[in-house]
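Below is one structure, written out as structure tokens; comments come after it.
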Amino acid sequence: MDCLFCKIVNGEIPSKKVYEDDLVYSFYDIEPQAPFHILIIPKKHITSALEIDDSNKDIVGHIFKVAAEIAKEHNIAEGGYRLVTNVGKDGGQTVGHMHFHMLGGRNLQWPPG
Ligand code: 5GP
Ligand code: ZN
């Protein structure tokens with residue numbers, strides 16, 4: 001499948017790895033919007049959070065757990081962070097492989113644009 005993030009998972013496209021296990025891969029965003037900006041993605045292709053159902057919902061909890069571990073390791077646990085997944089056109093999704101942005105290291109505004 002011609003998917004950018006599948007290619008990052010299998011190493012066809014290089015990335016700066018933050019974390020990896022059997023289920024997920026995490027790497028630095030190429031265009032950081034905060035001092036700390038990484039993406040956490042399932043290794044298995046899921047187009048977006050709209051595809052989450054009973055067969056694959058466990059991955060979402062796993063991603064949140066991994067994010068908490070990364071936060072503690074990268075010293076953003078205390079300051080806090082934002083974990084967000086954009087879905088579809090109006091959600092601002094530009095890559096069709098579900099990914100969670102993890103942003104921290106500065107005071108993030110709400111609501112987002
Ligand atoms: P979206 O807009 O779909 O929510 O987020 C896609 C994110 O992927 C963007 O923040 C963008 O900077 C990042 N991105 C796009 N292409 C690449 C790439 O080749 N490598 C890395 N590390 N990040 C990418
Ligand atoms: Zn993919």
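Labels for the structure tokens follow display order: chains A, B, ..., residues from 1 in each chain, ligands from 1.
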Using only C-alpha atoms and all ligand atoms, what are the residues with an atom within 10 Å of ligand 1, set out as a PyMOL selection string? chain A and resi 4-5+7-8+13-17+26-33+37-39+48+84-89+91-101
Selection near segment 61-69 of chain A, 10 Å with only C-alpha atoms, sequence-local residues under 5 positions removed, as an MDAnalysis selection string: chainID A and resid 19:21 23:26 38:42 74 76:77 81:83 99:102
Can I get the selected residues back with N, CA, C and O atoms, as a tab-separated table (two decimals), in the first residue's frame?
```tsv
chain	number	residue	atom	x	y	z
A	19	TYR	N	10.23	5.92	20.12
A	19	TYR	CA	9.81	4.71	20.84
A	19	TYR	C	9.28	3.70	19.82
A	19	TYR	O	8.74	4.08	18.78
A	20	GLU	N	9.46	2.42	20.17
A	20	GLU	CA	8.91	1.37	19.30
A	20	GLU	C	8.62	0.14	20.13
A	20	GLU	O	9.38	-0.21	21.02
A	21	ASP	N	7.51	-0.53	19.84
A	21	ASP	CA	7.27	-1.87	20.38
A	21	ASP	C	6.54	-2.66	19.29
A	21	ASP	O	6.52	-2.24	18.13
A	23	LEU	N	3.52	-3.07	18.65
A	23	LEU	CA	2.26	-2.52	18.15
A	23	LEU	C	2.35	-1.10	17.61
A	23	LEU	O	1.59	-0.73	16.72
A	24	VAL	N	3.25	-0.31	18.17
A	24	VAL	CA	3.30	1.10	17.79
A	24	VAL	C	4.72	1.56	17.46
A	24	VAL	O	5.70	0.95	17.87
A	25	TYR	N	4.75	2.68	16.74
A	25	TYR	CA	6.01	3.33	16.41
A	25	TYR	C	5.82	4.82	16.67
A	25	TYR	O	4.75	5.37	16.39
A	26	SER	N	6.84	5.45	17.22
A	26	SER	CA	6.75	6.88	17.51
A	26	SER	C	8.01	7.59	17.01
A	26	SER	O	9.12	7.07	17.14
A	38	ILE	N	5.85	14.97	18.68
A	38	ILE	CA	6.08	13.64	18.10
A	38	ILE	C	4.77	13.08	17.58
A	38	ILE	O	3.68	13.61	17.89
A	39	LEU	N	4.88	12.03	16.81
A	39	LEU	CA	3.70	11.30	16.33
A	39	LEU	C	3.79	9.88	16.88
A	39	LEU	O	4.89	9.30	16.94
A	40	ILE	N	2.67	9.35	17.31
A	40	ILE	CA	2.60	7.95	17.74
A	40	ILE	C	1.60	7.26	16.83
A	40	ILE	O	0.45	7.71	16.69
A	41	ILE	N	2.03	6.19	16.18
A	41	ILE	CA	1.17	5.54	15.18
A	41	ILE	C	1.12	4.03	15.40
A	41	ILE	O	2.10	3.44	15.90
A	42	PRO	N	0.00	3.41	15.04
A	42	PRO	CA	-0.03	1.94	15.07
A	42	PRO	C	0.83	1.42	13.91
A	42	PRO	O	0.85	2.03	12.84
A	74	HIS	N	10.63	12.16	28.79
A	74	HIS	CA	11.10	13.37	28.10
A	74	HIS	C	10.79	14.65	28.88
A	74	HIS	O	10.80	15.74	28.32
A	76	ILE	N	8.11	16.07	30.08
A	76	ILE	CA	6.98	16.96	29.82
A	76	ILE	C	5.76	16.55	30.64
A	76	ILE	O	4.67	17.11	30.49
A	77	ALA	N	5.95	15.57	31.53
A	77	ALA	CA	4.84	15.09	32.35
A	77	ALA	C	4.33	16.20	33.27
A	77	ALA	O	3.13	16.41	33.40
A	81	TYR	N	0.82	18.07	28.36
A	81	TYR	CA	0.94	17.90	26.91
A	81	TYR	C	-0.43	17.71	26.30
A	81	TYR	O	-1.43	17.57	27.01
A	82	ARG	N	-0.46	17.74	24.99
A	82	ARG	CA	-1.71	17.50	24.26
A	82	ARG	C	-1.51	16.29	23.35
A	82	ARG	O	-0.51	16.17	22.65
A	83	LEU	N	-2.53	15.40	23.38
A	83	LEU	CA	-2.52	14.21	22.55
A	83	LEU	C	-3.74	14.30	21.65
A	83	LEU	O	-4.87	14.33	22.15
A	99	HIS	N	-2.69	8.72	13.30
A	99	HIS	CA	-1.54	9.13	14.11
A	99	HIS	C	-2.01	10.06	15.22
A	99	HIS	O	-2.93	10.85	15.02
A	100	PHE	N	-1.36	9.95	16.36
A	100	PHE	CA	-1.64	10.84	17.48
A	100	PHE	C	-0.47	11.81	17.59
A	100	PHE	O	0.67	11.39	17.73
A	101	HIS	N	-0.78	13.11	17.50
A	101	HIS	CA	0.22	14.14	17.76
A	101	HIS	C	0.37	14.24	19.27
A	101	HIS	O	-0.63	14.30	19.99
A	102	MET	N	1.60	14.31	19.72
A	102	MET	CA	1.86	14.58	21.13
A	102	MET	C	2.69	15.85	21.18
A	102	MET	O	3.81	15.89	20.67
```
Interatomic distance, atom CA of Asp22 of chain A to atom CA of Lys57 of chain A (Å, one decimal):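 Atom CA of Lys57 of chain A lies at a distance of 15.9 Å from atom CA of Asp22 of chain A.
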DSSP on the backbone, strand (DSSP E or B) only: what residues of segment 7-76 of chain A does that give? Format it as a JSON list (two decimals) with C-alpha atoms, in the first residue's frame.
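Done, and the output landed in out.json:
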```
[["chain", "number", "residue", "atom", "x", "y", "z"],
["A", 17, "LYS", "CA", 12.59, 7.28, 16.38],
["A", 18, "VAL", "CA", 11.32, 8.07, 19.87],
["A", 19, "TYR", "CA", 9.81, 4.71, 20.84],
["A", 20, "GLU", "CA", 8.91, 1.37, 19.30],
["A", 24, "VAL", "CA", 3.30, 1.10, 17.79],
["A", 25, "TYR", "CA", 6.01, 3.33, 16.41],
["A", 26, "SER", "CA", 6.75, 6.88, 17.51],
["A", 27, "PHE", "CA", 8.92, 9.50, 15.81],
["A", 28, "TYR", "CA", 9.57, 13.24, 15.72],
["A", 36, "PHE", "CA", 8.23, 18.70, 21.80],
["A", 37, "HIS", "CA", 6.17, 17.33, 18.90],
["A", 38, "ILE", "CA", 6.08, 13.64, 18.10],
["A", 39, "LEU", "CA", 3.70, 11.30, 16.33],
["A", 40, "ILE", "CA", 2.60, 7.95, 17.74],
["A", 41, "ILE", "CA", 1.17, 5.54, 15.18],
["A", 42, "PRO", "CA", -0.03, 1.94, 15.07]]
```
Could you jot down the atom CA of Gly80 of chain A to atom CA of Gly105 of chain A separation for me, Å, one decimal place?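 Atom CA of Gly105 of chain A lies 7.9 Å from atom CA of Gly80 of chain A.
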